$ cat entry-v7.cif   # mmCIF, C-alpha atoms
data_my_file
loop_
_atom_site.label_atom_id
_atom_site.label_comp_id
_atom_site.auth_asym_id
_atom_site.auth_seq_id
_atom_site.Cartn_x
_atom_site.Cartn_y
_atom_site.Cartn_z
CA MET P 1 82.68 120.54 94.02
CA PRO P 2 86.28 121.75 94.52
CA ARG P 3 88.84 119.20 95.63
CA PHE P 4 89.02 119.08 99.40
CA GLN P 5 92.27 119.89 101.17
CA ALA P 6 94.14 117.26 103.14
CA GLU P 7 93.65 117.64 106.87
CA LYS P 8 94.90 116.02 110.04
CA VAL P 9 93.34 112.60 110.39
CA LEU P 10 93.67 109.74 112.86
CA ARG P 11 93.64 106.12 111.79
CA VAL P 12 92.55 104.28 114.91
CA THR P 13 92.98 100.50 115.08
CA PHE P 14 90.96 98.38 117.49
CA ALA P 15 91.54 94.78 118.50
CA VAL P 16 88.64 92.43 119.19
CA ARG P 17 89.29 89.52 121.57
CA GLY P 18 86.45 87.36 122.83
CA GLY P 19 83.95 90.03 121.92
CA GLU P 20 85.80 92.71 123.92
CA VAL P 21 87.19 95.73 122.10
CA ARG P 22 90.34 97.64 122.98
CA LEU P 23 92.03 100.56 121.27
CA GLU P 24 95.30 99.17 119.95
CA SER P 25 96.97 102.05 118.13
CA ALA P 26 96.45 105.45 116.59
CA GLU P 27 98.32 106.85 113.64
CA ARG P 28 98.37 110.53 112.73
CA LEU P 29 98.09 111.17 109.00
CA GLU P 30 97.44 114.00 106.59
CA MET P 31 94.77 113.09 104.06
CA ILE P 32 91.30 114.02 102.85
CA LEU P 33 88.47 112.83 105.07
CA PRO P 34 85.07 112.68 103.34
CA PRO P 35 81.98 113.74 105.30
CA PRO P 36 80.16 111.06 107.32
CA VAL P 37 77.88 108.71 105.40
CA GLY P 38 74.17 109.03 106.08
CA GLU P 39 72.21 110.78 108.75
CA ARG P 40 73.74 110.61 112.21
CA PRO P 41 72.34 107.44 113.84
CA ARG P 42 71.04 107.47 117.41
CA LYS P 43 71.41 105.00 120.25
CA GLY P 44 68.19 103.12 120.95
CA ARG P 45 66.60 104.28 117.70
CA ASN P 46 68.88 102.92 115.01
CA GLY P 47 70.23 99.47 114.35
CA GLY P 48 73.74 98.64 113.21
CA TYR P 49 77.19 99.61 114.42
CA TRP P 50 78.97 102.93 114.39
CA MET P 51 81.73 104.92 116.10
CA GLU P 52 81.14 108.45 117.34
CA VAL P 53 83.71 111.13 118.14
CA LEU P 54 82.54 113.20 121.12
CA ASP P 55 83.68 116.53 122.51
CA GLN P 56 84.01 117.33 126.20
CA ALA P 57 80.30 118.07 126.51
CA GLY P 58 79.35 114.81 124.84
CA ASN P 59 78.37 116.41 121.54
CA SER P 60 78.97 114.30 118.45
CA LEU P 61 81.66 115.72 116.16
CA PHE P 62 81.78 112.85 113.64
CA HIS P 63 80.39 109.39 113.08
CA HIS P 64 81.50 106.41 111.03
CA LEU P 65 79.30 103.41 110.24
CA LEU P 66 80.92 100.01 110.77
CA ASP P 67 80.21 96.61 109.26
CA TYR P 68 80.04 94.11 112.13
CA PRO P 69 83.20 95.26 113.92
CA LEU P 70 82.81 92.56 116.60
CA ARG P 71 83.17 89.97 113.84
CA ASN P 72 80.10 88.07 114.95
CA SER P 73 78.97 87.51 111.38
CA ALA P 74 80.40 86.57 108.01
CA GLU P 75 79.12 86.76 104.47
CA LEU P 76 79.00 83.55 102.49
CA TYR P 77 79.22 83.98 98.76
CA SER P 78 77.98 82.03 95.80
CA PRO P 79 78.13 83.24 92.21
CA ASN P 80 74.44 84.17 92.27
CA HIS P 81 73.62 84.40 95.94
CA ILE P 82 74.89 86.02 99.14
CA GLU P 83 73.93 85.22 102.70
CA ARG P 84 75.18 86.25 106.10
CA VAL P 85 75.66 83.90 109.03
CA PHE P 86 75.85 84.95 112.67
CA GLY P 87 77.48 83.41 115.72
CA GLU P 88 80.05 83.89 118.45
CA PRO P 89 82.47 86.77 117.79
CA MET P 90 85.79 86.01 116.17
CA ASP P 91 89.04 87.68 117.16
CA GLY P 92 90.45 90.28 114.82
CA HIS P 93 90.89 93.96 114.16
CA PHE P 94 89.04 96.89 112.67
CA GLU P 95 90.10 100.43 111.96
CA ILE P 96 88.52 103.79 111.25
CA LEU P 97 89.60 107.20 109.99
CA VAL P 98 88.37 110.13 112.08
CA PRO P 99 89.24 113.82 112.12
CA ASP P 100 92.12 114.70 114.45
CA ASP P 101 89.95 117.38 116.00
CA PRO P 102 91.43 119.21 119.01
CA ARG P 103 87.95 119.32 120.52
CA ALA P 104 87.64 115.52 120.48
CA ARG P 105 87.74 113.80 123.85
CA GLU P 106 86.21 110.33 123.41
CA LEU P 107 85.46 107.63 120.89
CA VAL P 108 82.29 105.65 121.53
CA LEU P 109 81.45 102.37 119.84
CA ILE P 110 77.71 101.83 119.50
CA GLY P 111 75.96 98.69 118.33
CA ILE P 112 74.40 95.43 119.37
CA PRO P 113 76.15 93.52 122.18
CA PRO P 114 77.76 90.35 120.81
CA HIS P 115 75.64 87.89 122.73
CA VAL P 116 72.30 89.59 122.02
CA GLN P 117 70.38 88.78 118.87
CA PRO P 118 70.34 91.98 116.78
CA ASP P 119 66.58 91.69 116.38
CA HIS P 120 66.09 92.01 120.15
CA GLY P 121 66.67 95.74 120.46
CA GLY P 122 68.28 98.94 119.28
CA ALA P 123 71.95 99.78 119.34
CA THR P 124 73.57 100.65 122.64
CA GLU P 125 76.97 101.82 123.85
CA LEU P 126 79.46 98.96 123.65
CA ALA P 127 82.72 100.65 124.57
CA ARG P 128 84.19 104.06 125.27
CA PHE P 129 87.79 105.16 124.72
CA ALA P 130 89.80 108.28 125.45
CA PHE P 131 90.51 110.09 122.19
CA PRO P 132 94.20 109.49 121.39
CA GLN P 133 96.18 112.66 122.05
CA GLY P 134 99.65 113.43 120.67
CA GLY P 135 102.31 111.14 119.21
CA THR P 136 101.86 108.24 116.84
CA GLU P 137 101.23 104.54 117.25
CA MET Q 1 101.96 79.42 106.38
CA SER Q 2 103.47 82.85 107.03
CA ALA Q 3 106.00 85.48 106.01
CA ASP Q 4 108.65 82.75 106.06
CA ASP Q 5 106.92 81.26 103.05
CA GLY Q 6 107.75 83.94 100.52
CA ALA Q 7 109.00 87.46 100.03
CA VAL Q 8 107.80 90.99 99.40
CA ILE Q 9 109.20 92.20 96.09
CA GLY Q 10 107.95 95.77 95.87
CA ALA Q 11 105.09 98.07 94.92
CA THR Q 12 104.02 99.77 91.70
CA LYS Q 13 101.57 102.64 91.41
CA ILE Q 14 99.51 101.35 88.50
CA LEU Q 15 96.89 104.12 88.53
CA ASP Q 16 98.28 107.55 89.38
CA HIS Q 17 96.00 110.53 89.66
CA GLY Q 18 98.08 112.61 92.02
CA PRO Q 19 99.63 112.79 95.48
CA ASP Q 20 98.32 110.14 97.85
CA LYS Q 21 97.19 112.71 100.38
CA GLN Q 22 94.83 114.16 97.76
CA CYS Q 23 93.53 110.83 96.38
CA TRP Q 24 91.53 107.78 97.43
CA ASN Q 25 94.18 105.07 97.56
CA MET Q 26 93.63 101.37 96.97
CA ALA Q 27 96.30 98.73 97.56
CA ILE Q 28 96.18 95.25 96.05
CA VAL Q 29 98.32 92.34 97.23
CA GLY Q 30 98.54 88.84 95.84
CA ASP Q 31 98.95 85.54 97.64
CA GLY Q 32 99.86 82.07 96.42
CA TYR Q 33 101.81 83.30 93.40
CA LEU Q 34 105.23 81.84 92.65
CA GLU Q 35 107.93 84.24 91.52
CA THR Q 36 107.59 82.86 87.99
CA GLN Q 37 103.86 83.64 88.14
CA LEU Q 38 104.23 87.38 88.77
CA PRO Q 39 103.27 88.20 85.15
CA ARG Q 40 100.06 86.26 85.69
CA TYR Q 41 99.48 88.16 88.96
CA HIS Q 42 99.93 91.44 87.12
CA THR Q 43 97.33 90.33 84.58
CA ASP Q 44 94.95 89.27 87.36
CA VAL Q 45 95.32 92.68 89.01
CA ASP Q 46 94.81 94.47 85.69
CA ASN Q 47 91.68 92.44 85.04
CA PHE Q 48 90.25 93.35 88.43
CA VAL Q 49 91.14 97.02 88.02
CA ASP Q 50 89.49 97.08 84.59
CA ARG Q 51 86.38 95.55 86.07
CA PHE Q 52 86.37 97.96 89.03
CA LEU Q 53 86.91 101.05 86.88
CA ASN Q 54 84.17 99.97 84.47
CA THR Q 55 81.66 99.48 87.28
CA PRO Q 56 79.45 102.56 87.66
CA PRO Q 57 79.79 104.91 89.47
CA PHE Q 58 83.54 104.25 89.77
CA ASP Q 59 83.88 104.72 86.01
CA SER Q 60 83.13 108.41 86.35
CA LEU Q 61 85.11 108.94 89.57
CA SER Q 62 88.44 107.34 88.69
CA ARG Q 63 90.31 110.68 88.42
CA GLY Q 64 90.41 110.81 92.19
CA ILE Q 65 91.68 107.26 92.66
CA ASN Q 66 95.21 105.85 92.95
CA ILE Q 67 95.87 102.12 92.85
CA TYR Q 68 99.01 100.34 94.05
CA ARG Q 69 99.94 96.79 93.12
CA ILE Q 70 102.17 95.14 95.71
CA ASP Q 71 104.15 92.17 94.45
CA VAL Q 72 104.53 89.35 96.96
CA VAL Q 73 105.73 85.87 96.05
CA SER Q 74 105.12 82.58 97.81
CA VAL Q 75 107.08 79.35 98.10
CA GLU Q 76 104.06 77.41 96.82
CA GLU Q 77 101.13 78.38 94.62
CA GLY Q 78 97.43 78.39 95.46
CA ALA Q 79 95.76 78.29 98.86
CA ASP Q 80 94.99 75.87 101.67
CA LEU Q 81 91.87 73.75 101.47
CA PRO Q 82 91.87 72.05 104.88
CA VAL Q 83 90.87 68.48 105.53
CA GLU Q 84 87.60 69.61 107.13
CA CYS Q 85 86.38 70.53 103.63
CA ASN Q 86 88.46 68.31 101.39
CA VAL Q 87 89.96 64.94 102.30
CA PRO Q 88 92.94 64.59 102.58
CA GLY Q 89 93.35 68.35 102.66
CA ILE Q 90 95.53 70.68 100.64
CA TYR Q 91 98.10 72.81 102.40
CA ARG Q 92 100.23 75.39 100.63
CA ARG Q 93 103.08 77.50 101.95
CA THR Q 94 101.99 81.03 100.99
CA TYR Q 95 103.09 84.40 102.34
CA PHE Q 96 99.69 85.56 103.62
CA ASP Q 97 98.43 82.05 104.46
CA ALA Q 98 95.44 82.10 102.10
CA THR Q 99 92.90 79.51 103.24
CA PHE Q 100 89.59 78.28 101.89
CA CYS Q 101 87.26 76.60 104.36
CA SER Q 102 88.02 79.26 106.97
CA ARG Q 103 86.21 79.46 110.26
CA GLY Q 104 83.23 81.80 110.48
CA PRO Q 105 81.55 83.12 113.63
CA GLY Q 106 81.06 80.35 116.15
CA GLY Q 107 83.95 78.41 114.68
CA GLN Q 108 82.09 76.70 111.86
CA ARG Q 109 84.01 76.24 108.61
CA TYR Q 110 82.66 77.27 105.21
CA GLU Q 111 84.28 75.92 102.05
CA ARG Q 112 84.07 79.17 100.04
CA LEU Q 113 85.16 81.39 102.93
CA LEU Q 114 88.62 82.36 101.69
CA THR Q 115 90.72 84.41 104.10
CA VAL Q 116 94.27 85.67 104.49
CA ASN Q 117 96.29 86.80 107.51
CA ASP Q 118 94.95 90.34 107.46
CA SER Q 119 97.38 91.66 110.08
CA LEU Q 120 100.28 90.54 107.91
CA VAL Q 121 98.65 92.11 104.84
CA ILE Q 122 98.24 95.43 106.67
CA ASP Q 123 101.87 95.30 107.89
CA VAL Q 124 103.03 94.95 104.28
CA VAL Q 125 100.63 97.50 102.81
CA LYS Q 126 101.44 100.25 105.27
CA ARG Q 127 105.10 100.10 104.26
CA PHE Q 128 104.16 101.15 100.74
CA VAL Q 129 100.77 102.87 101.04
CA PRO Q 130 100.43 104.52 104.46
CA LEU Q 131 97.43 106.54 103.24
CA ARG Q 132 95.45 103.45 102.17
CA ARG Q 133 91.65 103.55 102.02
CA GLN Q 134 90.95 100.04 100.76
CA VAL Q 135 93.05 96.89 100.74
CA LEU Q 136 92.29 93.90 98.52
CA ALA Q 137 93.97 90.50 98.44
CA ILE Q 138 93.81 88.39 95.27
CA VAL Q 139 94.50 84.70 95.82
CA ASN Q 140 95.97 82.58 93.04
CA SER Q 141 93.27 79.91 92.86
CA SER Q 142 90.59 79.27 90.26
CA LYS Q 143 88.27 77.96 92.98
CA TYR Q 144 85.40 80.37 93.78
CA GLY Q 145 85.68 82.11 97.14
CA GLY Q 146 86.31 85.21 99.14
CA SER Q 147 85.60 87.11 102.33
CA GLY Q 148 85.12 90.59 103.66
CA GLY Q 149 86.39 92.38 106.68
CA GLN Q 150 87.01 95.80 108.06
CA ARG Q 151 90.58 95.88 106.78
CA VAL Q 152 91.07 93.46 103.87
CA ALA Q 153 88.67 92.07 101.24
CA THR Q 154 89.86 88.77 99.79
CA PHE Q 155 88.87 86.94 96.62
CA SER Q 156 90.23 84.30 94.31
CA THR Q 157 91.01 84.52 90.59
CA HIS Q 158 87.78 82.70 89.69
CA ALA Q 159 86.05 84.87 87.06
CA GLN Q 160 83.14 85.74 89.35
CA SER Q 161 85.08 86.15 92.58
CA ALA Q 162 85.98 89.75 91.74
CA GLU Q 163 82.34 90.60 92.47
CA ILE Q 164 83.03 89.71 96.10
CA GLY Q 165 85.74 92.37 96.24
CA ILE Q 166 83.46 95.08 94.87
CA HIS Q 167 80.56 94.07 97.13
CA GLU Q 168 82.87 94.14 100.16
CA MET Q 169 84.16 97.58 99.22
CA GLY Q 170 80.52 98.65 99.44
CA HIS Q 171 80.69 97.77 103.15
CA SER Q 172 84.19 98.74 104.18
CA ALA Q 173 84.81 101.84 102.08
CA PHE Q 174 81.31 103.20 101.57
CA GLN Q 175 79.46 101.95 104.66
CA LEU Q 176 76.60 100.39 102.68
CA GLY Q 177 74.32 97.71 104.09
CA ASP Q 178 73.31 94.40 102.57
CA GLU Q 179 70.17 94.51 100.45
CA TYR Q 180 69.44 90.78 100.38
CA GLY Q 181 66.80 89.20 102.55
CA GLY Q 182 66.74 86.17 104.78
CA ASP Q 183 64.91 84.72 107.75
CA GLY Q 184 65.29 87.86 109.86
CA THR Q 185 68.30 86.68 111.84
CA GLY Q 186 70.49 89.72 112.28
CA THR Q 187 67.90 92.28 111.21
CA PRO Q 188 67.80 95.15 113.74
CA LEU Q 189 64.51 96.20 115.25
CA GLY Q 190 65.10 99.92 114.73
CA GLU Q 191 65.77 101.96 111.65
CA PRO Q 192 68.99 100.66 110.07
CA ALA Q 193 71.90 103.09 110.31
CA GLN Q 194 73.04 102.21 106.79
CA PRO Q 195 71.97 104.69 104.08
CA ASN Q 196 70.55 102.12 101.63
CA VAL Q 197 68.10 100.09 103.73
CA THR Q 198 65.12 101.32 105.71
CA ARG Q 199 61.88 100.51 107.48
CA ASN Q 200 60.44 103.87 106.45
CA THR Q 201 58.21 103.96 103.35
CA ASN Q 202 56.91 107.48 104.01
CA ARG Q 203 57.90 109.58 101.00
CA ALA Q 204 58.15 112.72 103.14
CA THR Q 205 60.69 111.29 105.58
CA ASN Q 206 62.36 108.33 103.85
CA LYS Q 207 66.16 108.68 103.89
CA TRP Q 208 66.50 108.54 100.09
CA ARG Q 209 63.36 110.60 99.41
CA THR Q 210 65.21 113.05 97.13
CA LEU Q 211 65.66 110.22 94.62
CA VAL Q 212 62.02 109.07 94.65
CA ALA Q 213 59.74 110.45 91.92
CA GLY Q 214 56.36 111.78 92.99
CA THR Q 215 54.66 109.22 90.76
CA THR Q 216 56.43 106.21 92.31
CA PRO Q 217 54.20 104.36 94.78
CA MET Q 218 55.51 103.97 98.34
CA PRO Q 219 55.98 101.22 99.22
CA SER Q 220 56.84 100.31 95.66
CA ALA Q 221 56.59 96.54 95.91
CA CYS Q 222 55.74 94.06 98.64
CA ASN Q 223 57.51 90.74 98.91
CA ALA Q 224 55.19 87.96 97.79
CA VAL Q 225 56.94 85.39 99.99
CA CYS Q 226 56.33 87.46 103.09
CA THR Q 227 53.19 86.57 104.99
CA ALA Q 228 53.87 88.70 108.08
CA SER Q 229 54.28 92.19 106.75
CA ALA Q 230 52.87 95.67 107.17
CA CYS Q 231 53.57 96.34 103.49
CA VAL Q 232 50.51 97.54 101.54
CA PRO Q 233 50.88 96.61 97.87
CA PRO Q 234 50.71 99.54 95.45
CA ALA Q 235 47.69 99.86 93.18
CA SER Q 236 49.97 99.66 90.18
CA PRO Q 237 53.62 98.67 89.96
CA PRO Q 238 56.30 101.35 89.63
CA PRO Q 239 58.05 101.86 86.29
CA ALA Q 240 61.12 99.70 85.77
CA GLY Q 241 64.16 101.30 87.36
CA ALA Q 242 62.17 103.69 89.55
CA VAL Q 243 63.80 104.30 92.93
CA GLY Q 244 61.32 103.55 95.67
CA THR Q 245 60.96 101.11 98.54
CA TYR Q 246 60.99 97.42 97.61
CA GLU Q 247 60.38 94.98 100.43
CA GLY Q 248 63.22 92.68 101.47
CA GLY Q 249 66.72 93.55 102.63
CA LEU Q 250 69.17 93.44 105.52
CA TYR Q 251 68.57 89.70 106.12
CA SER Q 252 64.78 89.94 106.28
CA GLU Q 253 62.12 89.37 103.63
CA CYS Q 254 59.58 91.50 105.52
CA ASN Q 255 59.26 95.12 106.63
CA ILE Q 256 62.74 96.16 105.50
CA TYR Q 257 63.04 97.97 102.19
CA ARG Q 258 65.72 98.58 99.58
CA PRO Q 259 65.77 101.27 96.86
CA LEU Q 260 65.54 99.05 93.76
CA PRO Q 261 64.89 95.36 93.08
CA SER Q 262 68.58 94.79 92.24
CA CYS Q 263 71.89 96.25 93.37
CA TYR Q 264 75.49 95.18 93.87
CA MET Q 265 74.71 95.03 97.58
CA ARG Q 266 72.04 92.40 96.88
CA ASP Q 267 72.89 90.36 93.81
CA TYR Q 268 76.00 91.85 92.13
CA LYS Q 269 73.84 93.82 89.67
CA PRO Q 270 74.81 97.48 89.06
CA PHE Q 271 74.80 99.69 92.14
CA CYS Q 272 71.37 101.24 92.65
CA PRO Q 273 71.09 105.05 92.50
CA VAL Q 274 71.05 105.32 96.30
CA CYS Q 275 74.27 103.34 96.72
CA SER Q 276 75.79 105.19 93.76
CA SER Q 277 74.99 108.52 95.37
CA VAL Q 278 76.67 107.44 98.61
CA ILE Q 279 79.78 106.30 96.72
CA GLU Q 280 79.82 109.59 94.81
CA ARG Q 281 79.51 111.57 98.03
CA VAL Q 282 82.52 109.77 99.48
CA LEU Q 283 84.66 110.07 96.36
CA LEU Q 284 83.73 113.58 95.22
CA PRO Q 285 86.16 115.30 97.63
CA PHE Q 286 89.03 113.52 95.81
CA GLN Q 287 88.06 114.65 92.32
CA PRO Q 288 90.31 117.25 90.66
#
$ encode --input "entry-v7.cif" --output "structure tokens"
Amino acid sequence: MPRFQAEKVLRVTFAVRGGEVRLESAERLEMILPPPVGERPRKGRNGGYWMEVLDQAGNSLFHHLLDYPLRNSAELYSPNHIERVFGEPMDGHFEILVPDDPRARELVLIGIPPHVQPDHGGATELARFAFPQGGTE
Amino acid sequence: MSADDGAVIGATKILDHGPDKQCWNMAIVGDGYLETQLPRYHTDVDNFVDRFLNTPPFDSLSRGINIYRIDVVSVEEGADLPVECNVPGIYRRTYFDATFCSRGPGGQRYERLLTVNDSLVIDVVKRFVPLRRQVLAIVNSSKYGGSGGQRVATFSTHAQSAEIGIHEMGHSAFQLGDEYGGDGTGTPLGEPAQPNVTRNTNRATNKWRTLVAGTTPMPSACNAVCTASACVPPASPPPAGAVGTYEGGLYSECNIYRPLPSCYMRDYKPFCPVCSSVIERVLLPFQP
């Protein structure tokens, strides 16, 4: 496979406070963006967390899987054992790299609401943000 | 307990395979190192990098990877171990405020949960490596511990703690799911979005079907400890190392399947072929 060319990319940083997510900053960069991992997940069908980039008609342009962005879990390590514990969300940040696509209009965070046990249903829309346009930070 | 407790010295590109905009860039910071201990920090970083680059499939993909070592010194060495986990408590003045016994979700403290001030780490890293893909923090303590996170993976200098960093990269950089089981808490009802765990044992539609041999039974193994499962045991076990569907994963012993009995995302064993293929797919665009 030939080396990809760098393209315009957005690094979007989100802040999590009390289980609520807000878009904190967006940084325009020029770098290689690998294709999305895995098949595109679907609301209501798939479990987990992911961010989708949507165009004006609501079509998905890109997706990125996320590892517990609401920080309602933590992995506990031992030398020969790993386990994950769940509880109330912690405050913090997460960030993603997405294509700086002129067709993009919205970013949608999909996953399990923080106060619902993940085994009680499929992923749903958690938050929606206007796609950052122009400028940096 | 903050940036007043040390200084940023500088950054060195210790693995250089080309311009940052063409490469997959990792940044490593240290915390709890005195200025006189920087040589030890450099050795600790080199040891981790050696381990990382000798872990398949990274060993065959390193020509697309750059690694930066950022030197940061602290007023005191080590990390906090608060009184909640160790009476009378140990408190060290370190630049990134490394702390064992950190709070997890719900506020409970866990002795081996080692964290740093990730916002401060990112502030420092972006000065030197604006095109970062993965950030790691090595803490100068021989006590076992670490933590993950969307932005910074943290681990101590304990010989086995480096495994935490590589496992966490599986999540943050390659979007892999956990392959270990549990009591079902946290297991989603639907098909997991992650590429390496599934509920689907149908060889025609399974998400990693291209890696499953026609002779491998599906499901490939049922979990003996699981009494409430739809898994039908195969007539004969699969050959050792055969990719298939092995029951147990994503925090449940039952009805969730992983590609092989062992994997870095389960038990720190070598990445299974499914996880390796995902890592390769992400890193291939950076290869010369």
$ resolve_selection --input "entry-v7.cif" --expression "the PyMOL selection byres ((chain P) within 8 of (chain Q))" --output "ChimeraX atom specification"
/P:1-6,29-32,34-35,37-41,44-49,65-67,69,71-90,93-95,117-122
$ resolve_selection --input "entry-v7.cif" --expression "the PyMOL selection byres ((chain P and resi 99) around 7)" --output "ChimeraX atom specification"
/P:8-10,97-98,100-101
$ resolve_selection --input "entry-v7.cif" --expression "the PyMOL selection byres ((chain Q and resi 129) around 9)" --output "PyMOL selection string"
chain Q and resi 11+20+25-27+68+124-128+130-132
$ residues_around --input "entry-v7.cif" --residues "Ser60 in chain Q" --least-positions-apart "6" --cutoff "10 Å" --atoms "all atoms listed in the file" --output "number ranges by chain"
Q: 53-54, 280, 287
$ residues_around --input "entry-v7.cif" --residues "Cys254 in chain Q" --least-positions-apart "3" --cutoff "8 Å" --atoms "all atoms listed in the file" --output "number ranges by chain"
Q: 223, 226, 228-229, 231, 247-249
$ atom_distance --input "entry-v7.cif" --atom1 "CA of Phe131 in chain P" --atom2 "CA of Ile122 in chain Q"
22.7 Å
$ residues_around --input "entry-v7.cif" --residues "Leu136 in chain Q" --least-positions-apart "4" --cutoff "6 Å" --atoms "only C-alpha atoms" --output "list in words"
Ile28, Val152, Ala153 and Thr154 of chain Q
$ atom_distance --input "entry-v7.cif" --atom1 "CA of Leu109 in chain P" --atom2 "CA of Glu125 in chain P"
6.0 Å
$ atom_distance --input "entry-v7.cif" --atom1 "CA of Ile112 in chain P" --atom2 "CA of Phe129 in chain P"
17.4 Å
$ closest_residue --input "entry-v7.cif" --among "Q:Ile138, Q:Val116, Q:Leu15, Q:Leu260" --to "Gly30 in chain Q" --atoms "all atoms listed in the file"
Q:Ile138
$ closest_residue --input "entry-v7.cif" --among "P:Glu27, P:Glu106, P:Asp91, P:Glu52" --to "Ala15 in chain P" --atoms "all atoms listed in the file"
P:Asp91
$ residues_near_point --input "entry-v7.cif" --point "(88.3, 112.7, 122.8)" --cutoff "10 Å" --atoms "all atoms listed in the file" --output "ChimeraX atom specification"
/P:52-56,58,61,100-108,128-133
$ closest_residue --input "entry-v7.cif" --among "Q:Gly78, Q:Thr157, Q:Ile90, Q:Asn202" --to "Asn47 in chain Q" --atoms "all atoms listed in the file"
Q:Thr157
$ decode --input "entry-v7.cif" --residues "range 22-39 of chain Q" --atoms "N, CA and C atoms" --output "PDB file, in the first residue's frame"
ATOM      1  N   GLN Q  22       3.850  12.783   8.176  1.00  0.00           N
ATOM      2  CA  GLN Q  22       3.764  11.540   7.417  1.00  0.00           C
ATOM      3  C   GLN Q  22       3.844  10.307   8.325  1.00  0.00           C
ATOM      4  N   CYS Q  23       4.078  10.514   9.627  1.00  0.00           N
ATOM      5  CA  CYS Q  23       4.325   9.379  10.529  1.00  0.00           C
ATOM      6  C   CYS Q  23       3.310   9.329  11.674  1.00  0.00           C
ATOM      7  N   TRP Q  24       3.284   8.199  12.332  1.00  0.00           N
ATOM      8  CA  TRP Q  24       2.457   7.984  13.523  1.00  0.00           C
ATOM      9  C   TRP Q  24       3.345   8.333  14.715  1.00  0.00           C
ATOM     10  N   ASN Q  25       2.990   9.408  15.421  1.00  0.00           N
ATOM     11  CA  ASN Q  25       3.907  10.002  16.395  1.00  0.00           C
ATOM     12  C   ASN Q  25       3.489   9.697  17.836  1.00  0.00           C
ATOM     13  N   MET Q  26       4.436   9.144  18.573  1.00  0.00           N
ATOM     14  CA  MET Q  26       4.224   8.857  19.991  1.00  0.00           C
ATOM     15  C   MET Q  26       5.082   9.820  20.813  1.00  0.00           C
ATOM     16  N   ALA Q  27       4.533  10.296  21.908  1.00  0.00           N
ATOM     17  CA  ALA Q  27       5.294  11.149  22.836  1.00  0.00           C
ATOM     18  C   ALA Q  27       5.301  10.490  24.210  1.00  0.00           C
ATOM     19  N   ILE Q  28       6.468  10.467  24.833  1.00  0.00           N
ATOM     20  CA  ILE Q  28       6.606   9.884  26.169  1.00  0.00           C
ATOM     21  C   ILE Q  28       7.116  10.955  27.116  1.00  0.00           C
ATOM     22  N   VAL Q  29       6.433  11.112  28.244  1.00  0.00           N
ATOM     23  CA  VAL Q  29       6.902  12.021  29.294  1.00  0.00           C
ATOM     24  C   VAL Q  29       7.206  11.197  30.541  1.00  0.00           C
ATOM     25  N   GLY Q  30       8.019  11.760  31.407  1.00  0.00           N
ATOM     26  CA  GLY Q  30       8.306  11.108  32.670  1.00  0.00           C
ATOM     27  C   GLY Q  30       7.831  11.971  33.820  1.00  0.00           C
ATOM     28  N   ASP Q  31       7.499  11.344  34.935  1.00  0.00           N
ATOM     29  CA  ASP Q  31       7.147  12.111  36.132  1.00  0.00           C
ATOM     30  C   ASP Q  31       7.796  11.477  37.356  1.00  0.00           C
ATOM     31  N   GLY Q  32       8.161  12.343  38.303  1.00  0.00           N
ATOM     32  CA  GLY Q  32       8.785  11.864  39.530  1.00  0.00           C
ATOM     33  C   GLY Q  32      10.264  11.565  39.366  1.00  0.00           C
ATOM     34  N   TYR Q  33      10.890  12.132  38.372  1.00  0.00           N
ATOM     35  CA  TYR Q  33      12.338  11.972  38.181  1.00  0.00           C
ATOM     36  C   TYR Q  33      13.036  13.263  38.607  1.00  0.00           C
ATOM     37  N   LEU Q  34      14.047  13.133  39.452  1.00  0.00           N
ATOM     38  CA  LEU Q  34      14.896  14.270  39.783  1.00  0.00           C
ATOM     39  C   LEU Q  34      15.791  14.586  38.584  1.00  0.00           C
ATOM     40  N   GLU Q  35      16.348  15.785  38.578  1.00  0.00           N
ATOM     41  CA  GLU Q  35      17.232  16.140  37.468  1.00  0.00           C
ATOM     42  C   GLU Q  35      18.410  15.167  37.381  1.00  0.00           C
ATOM     43  N   THR Q  36      18.912  14.745  38.531  1.00  0.00           N
ATOM     44  CA  THR Q  36      20.047  13.806  38.530  1.00  0.00           C
ATOM     45  C   THR Q  36      19.646  12.416  38.049  1.00  0.00           C
ATOM     46  N   GLN Q  37      18.326  12.175  37.960  1.00  0.00           N
ATOM     47  CA  GLN Q  37      17.850  10.854  37.531  1.00  0.00           C
ATOM     48  C   GLN Q  37      17.468  10.814  36.049  1.00  0.00           C
ATOM     49  N   LEU Q  38      17.753  11.878  35.310  1.00  0.00           N
ATOM     50  CA  LEU Q  38      17.389  11.868  33.889  1.00  0.00           C
ATOM     51  C   LEU Q  38      18.035  10.710  33.123  1.00  0.00           C
ATOM     52  N   PRO Q  39      19.303  10.362  33.413  1.00  0.00           N
ATOM     53  CA  PRO Q  39      19.856   9.183  32.711  1.00  0.00           C
ATOM     54  C   PRO Q  39      19.028   7.917  32.969  1.00  0.00           C
TER      55      PRO Q  39
END
